[in-house]
>>> print(open('model.cif').read())   # mmCIF, C-alpha atoms
data_run
#
loop_
_atom_site.group_PDB
_atom_site.id
_atom_site.type_symbol
_atom_site.label_atom_id
_atom_site.label_comp_id
_atom_site.auth_asym_id
_atom_site.auth_seq_id
_atom_site.Cartn_x
_atom_site.Cartn_y
_atom_site.Cartn_z
ATOM 1 C CA MET A 7 -49.543 211.123 96.599
ATOM 2 C CA LYS A 8 -50.278 212.711 93.277
ATOM 3 C CA ARG A 9 -48.177 215.542 91.913
ATOM 4 C CA GLY A 10 -49.737 218.864 92.951
ATOM 5 C CA GLU A 11 -51.779 217.414 95.813
ATOM 6 C CA PHE A 12 -52.279 219.198 99.149
ATOM 7 C CA LEU A 13 -52.363 216.449 101.796
ATOM 8 C CA ALA A 14 -52.962 216.783 105.532
ATOM 9 C CA VAL A 15 -51.737 214.209 108.059
ATOM 10 C CA VAL A 16 -53.461 214.440 111.439
ATOM 11 C CA GLY A 17 -53.480 212.394 114.622
ATOM 12 C CA PRO A 18 -52.627 212.529 118.328
ATOM 13 C CA SER A 19 -49.097 213.034 119.635
ATOM 14 C CA GLY A 20 -47.058 209.878 119.193
ATOM 15 C CA SER A 21 -49.133 208.585 116.291
ATOM 16 C CA GLY A 22 -46.187 208.695 113.879
ATOM 17 C CA LYS A 23 -46.893 211.880 111.913
ATOM 18 C CA SER A 24 -43.445 213.416 112.238
ATOM 19 C CA THR A 25 -41.753 210.052 111.669
ATOM 20 C CA LEU A 26 -43.716 209.691 108.440
ATOM 21 C CA LEU A 27 -42.652 213.192 107.398
ATOM 22 C CA ASN A 28 -38.997 212.416 108.169
ATOM 23 C CA LEU A 29 -39.200 209.300 106.008
ATOM 24 C CA LEU A 30 -40.820 211.178 103.141
ATOM 25 C CA GLY A 31 -38.229 213.945 103.452
ATOM 26 C CA ALA A 32 -35.262 211.550 103.294
ATOM 27 C CA LEU A 33 -34.208 212.529 106.825
ATOM 28 C CA ASP A 34 -34.730 208.961 108.124
ATOM 29 C CA ARG A 35 -34.362 205.621 106.382
ATOM 30 C CA PRO A 36 -37.197 203.069 106.514
ATOM 31 C CA THR A 37 -36.436 199.818 108.374
ATOM 32 C CA LYS A 38 -38.656 198.069 105.842
ATOM 33 C CA GLY A 39 -40.752 199.087 102.881
ATOM 34 C CA LYS A 40 -39.914 201.740 100.303
ATOM 35 C CA VAL A 41 -40.145 205.489 99.845
ATOM 36 C CA ILE A 42 -40.414 206.392 96.167
ATOM 37 C CA ILE A 43 -40.129 209.979 94.919
ATOM 38 C CA ASP A 44 -40.442 210.680 91.191
ATOM 39 C CA GLY A 45 -39.903 206.986 90.493
ATOM 40 C CA ILE A 46 -36.724 206.803 92.603
ATOM 41 C CA ASP A 47 -36.587 204.427 95.584
ATOM 42 C CA ILE A 48 -34.804 206.770 97.979
ATOM 43 C CA SER A 49 -34.358 204.028 100.596
ATOM 44 C CA ARG A 50 -31.601 202.629 98.325
ATOM 45 C CA LEU A 51 -29.642 205.881 98.036
ATOM 46 C CA ASN A 52 -26.426 206.718 99.881
ATOM 47 C CA ASP A 53 -26.085 209.763 102.130
ATOM 48 C CA ASN A 54 -24.791 212.055 99.381
ATOM 49 C CA GLN A 55 -27.598 211.040 97.031
ATOM 50 C CA LEU A 56 -30.173 211.619 99.791
ATOM 51 C CA ALA A 57 -28.730 215.072 100.455
ATOM 52 C CA GLU A 58 -29.065 215.839 96.743
ATOM 53 C CA ILE A 59 -32.741 214.736 96.757
ATOM 54 C CA ARG A 60 -33.437 216.904 99.822
ATOM 55 C CA ASN A 61 -31.700 219.900 98.304
ATOM 56 C CA ARG A 62 -33.233 219.656 94.835
ATOM 57 C CA LYS A 63 -36.735 218.309 95.372
ATOM 58 C CA ILE A 64 -37.882 218.985 98.949
ATOM 59 C CA GLY A 65 -38.554 222.117 100.989
ATOM 60 C CA PHE A 66 -38.984 221.828 104.769
ATOM 61 C CA ILE A 67 -41.086 224.127 106.975
ATOM 62 C CA PHE A 68 -40.992 223.530 110.740
ATOM 63 C CA GLN A 69 -43.079 224.653 113.711
ATOM 64 C CA THR A 70 -40.006 226.116 115.412
ATOM 65 C CA PHE A 71 -38.855 228.004 112.254
ATOM 66 C CA ASN A 72 -35.247 226.724 112.681
ATOM 67 C CA LEU A 73 -33.733 230.032 111.626
ATOM 68 C CA ILE A 74 -30.078 230.746 112.419
ATOM 69 C CA PRO A 75 -30.230 233.402 115.169
ATOM 70 C CA TYR A 76 -27.058 235.336 114.303
ATOM 71 C CA MET A 77 -28.013 235.675 110.618
ATOM 72 C CA ASN A 78 -30.444 238.229 109.259
ATOM 73 C CA ALA A 79 -33.490 237.270 107.193
ATOM 74 C CA LEU A 80 -31.661 237.591 103.885
ATOM 75 C CA GLU A 81 -28.727 235.455 105.050
ATOM 76 C CA ASN A 82 -31.064 232.769 106.444
ATOM 77 C CA VAL A 83 -32.830 232.436 103.100
ATOM 78 C CA MET A 84 -29.520 232.231 101.234
ATOM 79 C CA VAL A 85 -28.178 229.269 103.254
ATOM 80 C CA PRO A 86 -29.689 226.357 101.211
ATOM 81 C CA MET A 87 -28.401 227.879 97.974
ATOM 82 C CA ILE A 88 -24.793 227.516 99.150
ATOM 83 C CA ALA A 89 -25.029 223.715 98.963
ATOM 84 C CA ALA A 90 -26.662 224.071 95.540
ATOM 85 C CA GLU A 91 -23.526 225.946 94.405
ATOM 86 C CA ILE A 92 -25.448 229.031 93.309
ATOM 87 C CA SER A 93 -23.248 232.097 92.940
ATOM 88 C CA PRO A 94 -23.264 234.664 95.791
ATOM 89 C CA ARG A 95 -24.814 237.293 93.522
ATOM 90 C CA ASP A 96 -27.608 234.991 92.347
ATOM 91 C CA ARG A 97 -28.195 233.779 95.920
ATOM 92 C CA ARG A 98 -28.755 237.345 97.051
ATOM 93 C CA ILE A 99 -31.060 238.185 94.155
ATOM 94 C CA LYS A 100 -33.172 235.049 94.665
ATOM 95 C CA ALA A 101 -33.383 235.541 98.454
ATOM 96 C CA MET A 102 -34.465 239.177 98.067
ATOM 97 C CA GLU A 103 -37.083 238.148 95.530
ATOM 98 C CA LEU A 104 -38.531 235.444 97.796
ATOM 99 C CA LEU A 105 -38.607 237.690 100.858
ATOM 100 C CA SER A 106 -40.382 240.363 98.813
ATOM 101 C CA ILE A 107 -42.980 237.795 97.712
ATOM 102 C CA MET A 108 -43.486 236.979 101.410
ATOM 103 C CA GLY A 109 -44.110 240.662 102.179
ATOM 104 C CA LEU A 110 -40.803 241.092 104.004
ATOM 105 C CA SER A 111 -38.982 243.529 101.739
ATOM 106 C CA GLN A 112 -38.492 245.919 104.681
ATOM 107 C CA PHE A 113 -37.011 243.220 106.927
ATOM 108 C CA PHE A 114 -34.033 241.887 104.916
ATOM 109 C CA LYS A 115 -31.547 242.952 107.596
ATOM 110 C CA ASN A 116 -33.580 241.904 110.637
ATOM 111 C CA ARG A 117 -32.419 238.955 112.706
ATOM 112 C CA PRO A 118 -35.002 236.373 113.859
ATOM 113 C CA SER A 119 -35.207 237.953 117.339
ATOM 114 C CA GLU A 120 -36.324 241.207 115.687
ATOM 115 C CA LEU A 121 -39.213 239.547 113.830
ATOM 116 C CA SER A 122 -42.650 238.374 114.959
ATOM 117 C CA GLY A 123 -43.518 234.685 114.865
ATOM 118 C CA GLY A 124 -45.484 235.109 111.659
ATOM 119 C CA GLN A 125 -42.613 236.984 110.035
ATOM 120 C CA GLN A 126 -40.121 234.310 111.104
ATOM 121 C CA GLN A 127 -42.314 231.634 109.549
ATOM 122 C CA ARG A 128 -42.471 233.622 106.304
ATOM 123 C CA VAL A 129 -38.668 233.744 106.302
ATOM 124 C CA ALA A 130 -38.655 229.976 106.864
ATOM 125 C CA ILE A 131 -41.032 229.472 103.924
ATOM 126 C CA ALA A 132 -38.881 231.699 101.713
ATOM 127 C CA ARG A 133 -35.878 229.581 102.706
ATOM 128 C CA ALA A 134 -37.804 226.386 101.875
ATOM 129 C CA LEU A 135 -38.505 227.709 98.376
ATOM 130 C CA THR A 136 -34.964 228.729 97.420
ATOM 131 C CA ASN A 137 -34.242 225.710 95.215
ATOM 132 C CA ASN A 138 -37.733 225.509 93.673
ATOM 133 C CA PRO A 139 -38.749 222.276 95.430
ATOM 134 C CA LYS A 140 -41.432 220.079 93.898
ATOM 135 C CA ILE A 141 -42.470 218.918 97.381
ATOM 136 C CA ILE A 142 -43.023 221.011 100.526
ATOM 137 C CA LEU A 143 -43.150 219.214 103.881
ATOM 138 C CA ALA A 144 -44.748 221.374 106.569
ATOM 139 C CA ASP A 145 -44.581 220.056 110.156
ATOM 140 C CA GLU A 146 -47.043 222.043 112.307
ATOM 141 C CA PRO A 147 -46.137 225.274 110.440
ATOM 142 C CA THR A 148 -48.742 227.319 112.332
ATOM 143 C CA GLY A 149 -48.287 225.674 115.738
ATOM 144 C CA ASN A 150 -46.509 228.642 117.314
ATOM 145 C CA LEU A 151 -48.558 231.378 115.644
ATOM 146 C CA ASP A 152 -51.608 233.438 116.516
ATOM 147 C CA SER A 153 -54.751 232.828 114.447
ATOM 148 C CA LYS A 154 -54.170 235.768 112.069
ATOM 149 C CA SER A 155 -50.579 234.740 111.331
ATOM 150 C CA ALA A 156 -51.691 231.118 110.940
ATOM 151 C CA TYR A 157 -54.289 232.195 108.378
ATOM 152 C CA ASP A 158 -51.672 234.189 106.463
ATOM 153 C CA ILE A 159 -49.259 231.239 106.376
ATOM 154 C CA MET A 160 -51.957 228.843 105.162
ATOM 155 C CA GLU A 161 -52.886 231.286 102.411
ATOM 156 C CA VAL A 162 -49.232 231.297 101.322
ATOM 157 C CA LEU A 163 -49.246 227.477 101.236
ATOM 158 C CA ARG A 164 -52.508 227.466 99.292
ATOM 159 C CA LYS A 165 -50.992 229.817 96.714
ATOM 160 C CA LEU A 166 -47.888 227.640 96.379
ATOM 161 C CA ASN A 167 -50.081 224.588 95.879
ATOM 162 C CA ASN A 168 -52.124 226.395 93.231
ATOM 163 C CA GLU A 169 -48.826 227.133 91.468
ATOM 164 C CA GLY A 170 -48.002 223.417 91.331
ATOM 165 C CA ALA A 171 -46.204 222.524 94.559
ATOM 166 C CA THR A 172 -47.073 219.230 96.236
ATOM 167 C CA ILE A 173 -47.634 219.918 99.944
ATOM 168 C CA ILE A 174 -47.790 217.560 102.916
ATOM 169 C CA LEU A 175 -49.072 219.285 106.052
ATOM 170 C CA VAL A 176 -48.753 217.668 109.480
ATOM 171 C CA THR A 177 -51.077 219.327 111.978
ATOM 172 C CA HIS A 178 -53.097 218.950 115.169
ATOM 173 C CA ASN A 179 -55.390 221.759 114.059
ATOM 174 C CA LEU A 180 -58.398 220.292 112.279
ATOM 175 C CA ASN A 181 -59.402 223.753 111.036
ATOM 176 C CA LEU A 182 -56.415 223.678 108.694
ATOM 177 C CA ILE A 183 -57.520 220.585 106.796
ATOM 178 C CA ASN A 184 -60.057 222.703 104.929
ATOM 179 C CA TYR A 185 -57.154 223.902 102.786
ATOM 180 C CA CYS A 186 -56.342 220.355 101.697
ATOM 181 C CA HIS A 187 -57.501 217.946 99.024
ATOM 182 C CA ARG A 188 -57.155 214.875 101.214
ATOM 183 C CA VAL A 189 -56.519 214.061 104.865
ATOM 184 C CA LEU A 190 -54.936 210.979 106.439
ATOM 185 C CA PHE A 191 -55.814 210.133 110.037
ATOM 186 C CA MET A 192 -52.979 208.347 111.887
ATOM 187 C CA ARG A 193 -52.909 206.459 115.166
ATOM 188 C CA ASP A 194 -50.198 204.227 116.643
ATOM 189 C CA GLY A 195 -48.068 204.304 113.518
ATOM 190 C CA ILE A 196 -50.741 203.358 111.012
ATOM 191 C CA ILE A 197 -53.164 205.220 108.769
ATOM 192 C CA GLU A 198 -56.622 204.546 110.213
ATOM 193 C CA ARG A 199 -58.595 206.202 107.442
ATOM 194 C CA GLU A 200 -58.542 208.886 104.807
ATOM 195 C CA GLU A 201 -60.989 211.502 103.630
ATOM 196 C CA ILE A 202 -61.120 213.252 100.281
ATOM 197 C CA LEU A 203 -62.132 216.839 100.980
ATOM 198 C CA ASN A 204 -62.132 218.893 97.815
ATOM 199 C CA VAL A 205 -60.308 217.687 94.736
ATOM 200 C CA GLU A 206 -61.198 220.882 92.858
ATOM 201 C CA LYS A 207 -59.082 223.276 94.989
#
>>> encode(input="model.cif", output="structure tokens")
Amino acid sequence: MKRGEFLAVVGPSGSGKSTLLNLLGALDRPTKGKVIIDGIDISRLNDNQLAEIRNRKIGFIFQTFNLIPYMNALENVMVPMIAAEISPRDRRIKAMELLSIMGLSQFFKNRPSELSGGQQQRVAIARALTNNPKIILADEPTGNLDSKSAYDIMEVLRKLNNEGATIILVTHNLNLINYCHRVLFMRDGIIEREEILNVEK
């Protein structure tokens, strides 16, 4: 992948999309081959070094949001900044800023159960952006959303990409690949083919 690219990975269930994403996100280690991020072969790193890569370079967005239910929106967004040793005051300021950007300035104190699916996903995106990641890995980020919320989330991702983020989107929804520069089609653990869609986006 090139820096600043918006890549889609599509394929049937069981084709290896999420496994690929876990390898790229340093959540799993490859049994053979290499994963290189910014010139670093992450397959050679120890657990602490991998955690540092995940925390500093990668933002994760999941289909199921993965928000902590007993925390409000502001607290959920602040969580990744604890490991980054950002001061409590700066964590709060940054989280409030990100939630405002996501259009959630009125929902700082709401817990996930008090938010719609689209709002929860916006909180999850805000959380993914806390440490200014160079790479955003999005695993079916619109899978649990209605069409309007899905559109809104994809527009957020498009804006982030236009601002320089590299985005890898795993999806079953072929309508979403229109946001991407390139799409990889996977089946049975291999990339069958790729299409370049619009390198000018």
>>> residues_around(input="model.cif", residues="range 173-179 of chain A", least_positions_apart="2", cutoff="10 Å", atoms="all atoms listed in the file", output="PyMOL selection string")
chain A and resi 7+9-19+23-24+26-27+30+64-69+140-149+163-164+166-167+170-171+181-183+185-186+188-190
>>> resolve_selection(input="model.cif", expression="the PyMOL selection byres ((chain A and resi 75) around 12)", output="PyMOL selection string")
chain A and resi 71-74+76-79+81-82+116-121+126
>>> residues_around(input="model.cif", residues="Asp34 in chain A", least_positions_apart="2", cutoff="12 Å", atoms="all atoms listed in the file", output="list in words")
Ser24, Thr25, Leu26, Leu27, Asn28, Leu29, Leu30, Gly31, Ala32, Pro36, Thr37, Lys38, Lys40, Val41, Ile48, Ser49, Leu51, Asn52, Asp53, Leu56, Ala57 and Arg60 of chain A
>>> residues_around(input="model.cif", residues="Val85 in chain A", least_positions_apart="3", cutoff="12 Å", atoms="all atoms listed in the file", output="ChimeraX atom specification")
/A:61,73-74,77-82,88-94,97-98,100-101,129-130,132-137
>>> atom_distance(input="model.cif", atom1="CA of Phe113 in chain A", atom2="CA of Gln125 in chain A")
8.9 Å
>>> atom_distance(input="model.cif", atom1="CA of Leu104 in chain A", atom2="CA of Asn138 in chain A")
10.8 Å
>>> atom_distance(input="model.cif", atom1="CA of Ile99 in chain A", atom2="CA of Leu33 in chain A")
28.8 Å
>>> residues_near_point(input="model.cif", point="(-51.1, 203.2, 114.1)", cutoff="10 Å", atoms="only C-alpha atoms", output="ChimeraX atom specification")
/A:17,20-23,191-198
>>> axis_aligned_box(input="model.cif", around="range 19-32 of chain A", padding_each_side="3 Å", output="JSON")
{"center_x": -42.2, "center_y": 211.3, "center_z": 111.4, "size_x": 19.9, "size_y": 11.4, "size_z": 22.5}
>>> closest_residue(input="model.cif", among="A:Ser106, A:Gln55, A:Thr172, A:Asn184", to="Pro139 in chain A", atoms="all atoms listed in the file")
A:Thr172
>>> closest_residue(input="model.cif", among="A:Met87, A:Leu203, A:Ser122, A:Asp47", to="Ser155 in chain A", atoms="all atoms listed in the file")
A:Ser122
>>> closest_residue(input="model.cif", among="A:Met84, A:Leu110, A:Met102, A:Leu151", to="Thr70 in chain A", atoms="only C-alpha atoms")
A:Leu151
>>> build_atoms(input="model.cif", residues="range 132-156 of chain A", atoms="N, CA and C atoms", output="PDB file, in the frame of the given file")
ATOM      1  N   ALA A 132     -39.752 231.193 102.784  1.00  0.00           N
ATOM      2  CA  ALA A 132     -38.881 231.699 101.713  1.00  0.00           C
ATOM      3  C   ALA A 132     -37.644 230.821 101.582  1.00  0.00           C
ATOM      4  N   ARG A 133     -37.061 230.459 102.720  1.00  0.00           N
ATOM      5  CA  ARG A 133     -35.878 229.581 102.706  1.00  0.00           C
ATOM      6  C   ARG A 133     -36.207 228.221 102.092  1.00  0.00           C
ATOM      7  N   ALA A 134     -37.398 227.701 102.406  1.00  0.00           N
ATOM      8  CA  ALA A 134     -37.804 226.386 101.875  1.00  0.00           C
ATOM      9  C   ALA A 134     -37.981 226.414 100.360  1.00  0.00           C
ATOM     10  N   LEU A 135     -38.212 227.594  99.809  1.00  0.00           N
ATOM     11  CA  LEU A 135     -38.505 227.709  98.376  1.00  0.00           C
ATOM     12  C   LEU A 135     -37.279 228.046  97.528  1.00  0.00           C
ATOM     13  N   THR A 136     -36.123 228.200  98.143  1.00  0.00           N
ATOM     14  CA  THR A 136     -34.964 228.729  97.420  1.00  0.00           C
ATOM     15  C   THR A 136     -34.580 227.891  96.212  1.00  0.00           C
ATOM     16  N   ASN A 137     -34.678 226.574  96.314  1.00  0.00           N
ATOM     17  CA  ASN A 137     -34.242 225.710  95.215  1.00  0.00           C
ATOM     18  C   ASN A 137     -35.419 225.150  94.422  1.00  0.00           C
ATOM     19  N   ASN A 138     -36.533 225.879  94.450  1.00  0.00           N
ATOM     20  CA  ASN A 138     -37.733 225.509  93.673  1.00  0.00           C
ATOM     21  C   ASN A 138     -38.152 224.061  93.898  1.00  0.00           C
ATOM     22  N   PRO A 139     -38.420 223.679  95.151  1.00  0.00           N
ATOM     23  CA  PRO A 139     -38.749 222.276  95.430  1.00  0.00           C
ATOM     24  C   PRO A 139     -40.093 221.869  94.826  1.00  0.00           C
ATOM     25  N   LYS A 140     -40.171 220.623  94.401  1.00  0.00           N
ATOM     26  CA  LYS A 140     -41.432 220.079  93.898  1.00  0.00           C
ATOM     27  C   LYS A 140     -42.348 219.704  95.065  1.00  0.00           C
ATOM     28  N   ILE A 141     -41.727 219.409  96.215  1.00  0.00           N
ATOM     29  CA  ILE A 141     -42.470 218.918  97.381  1.00  0.00           C
ATOM     30  C   ILE A 141     -42.160 219.810  98.576  1.00  0.00           C
ATOM     31  N   ILE A 142     -43.195 220.233  99.298  1.00  0.00           N
ATOM     32  CA  ILE A 142     -43.023 221.011 100.526  1.00  0.00           C
ATOM     33  C   ILE A 142     -43.580 220.201 101.689  1.00  0.00           C
ATOM     34  N   LEU A 143     -42.748 219.941 102.679  1.00  0.00           N
ATOM     35  CA  LEU A 143     -43.150 219.214 103.881  1.00  0.00           C
ATOM     36  C   LEU A 143     -43.275 220.222 105.017  1.00  0.00           C
ATOM     37  N   ALA A 144     -44.470 220.360 105.548  1.00  0.00           N
ATOM     38  CA  ALA A 144     -44.748 221.374 106.569  1.00  0.00           C
ATOM     39  C   ALA A 144     -45.176 220.682 107.865  1.00  0.00           C
ATOM     40  N   ASP A 145     -44.322 220.731 108.878  1.00  0.00           N
ATOM     41  CA  ASP A 145     -44.581 220.056 110.156  1.00  0.00           C
ATOM     42  C   ASP A 145     -45.094 221.084 111.164  1.00  0.00           C
ATOM     43  N   GLU A 146     -46.400 221.100 111.382  1.00  0.00           N
ATOM     44  CA  GLU A 146     -47.043 222.043 112.307  1.00  0.00           C
ATOM     45  C   GLU A 146     -46.593 223.492 112.025  1.00  0.00           C
ATOM     46  N   PRO A 147     -46.694 223.951 110.778  1.00  0.00           N
ATOM     47  CA  PRO A 147     -46.137 225.274 110.440  1.00  0.00           C
ATOM     48  C   PRO A 147     -46.826 226.439 111.113  1.00  0.00           C
ATOM     49  N   THR A 148     -48.030 226.232 111.651  1.00  0.00           N
ATOM     50  CA  THR A 148     -48.742 227.319 112.332  1.00  0.00           C
ATOM     51  C   THR A 148     -48.835 227.094 113.836  1.00  0.00           C
ATOM     52  N   GLY A 149     -48.138 226.076 114.337  1.00  0.00           N
ATOM     53  CA  GLY A 149     -48.287 225.674 115.738  1.00  0.00           C
ATOM     54  C   GLY A 149     -47.911 226.739 116.744  1.00  0.00           C
ATOM     55  N   ASN A 150     -46.963 227.608 116.382  1.00  0.00           N
ATOM     56  CA  ASN A 150     -46.509 228.642 117.314  1.00  0.00           C
ATOM     57  C   ASN A 150     -47.028 230.031 116.966  1.00  0.00           C
ATOM     58  N   LEU A 151     -48.083 230.091 116.150  1.00  0.00           N
ATOM     59  CA  LEU A 151     -48.558 231.378 115.644  1.00  0.00           C
ATOM     60  C   LEU A 151     -49.952 231.708 116.143  1.00  0.00           C
ATOM     61  N   ASP A 152     -50.248 233.007 116.213  1.00  0.00           N
ATOM     62  CA  ASP A 152     -51.608 233.438 116.516  1.00  0.00           C
ATOM     63  C   ASP A 152     -52.496 233.153 115.309  1.00  0.00           C
ATOM     64  N   SER A 153     -53.809 233.256 115.484  1.00  0.00           N
ATOM     65  CA  SER A 153     -54.751 232.828 114.447  1.00  0.00           C
ATOM     66  C   SER A 153     -54.599 233.631 113.158  1.00  0.00           C
ATOM     67  N   LYS A 154     -54.335 234.946 113.272  1.00  0.00           N
ATOM     68  CA  LYS A 154     -54.170 235.768 112.069  1.00  0.00           C
ATOM     69  C   LYS A 154     -52.923 235.356 111.289  1.00  0.00           C
ATOM     70  N   SER A 155     -51.813 235.162 111.997  1.00  0.00           N
ATOM     71  CA  SER A 155     -50.579 234.740 111.331  1.00  0.00           C
ATOM     72  C   SER A 155     -50.743 233.345 110.733  1.00  0.00           C
ATOM     73  N   ALA A 156     -51.445 232.465 111.444  1.00  0.00           N
ATOM     74  CA  ALA A 156     -51.691 231.118 110.940  1.00  0.00           C
ATOM     75  C   ALA A 156     -52.478 231.165 109.634  1.00  0.00           C
TER      76      ALA A 156
END
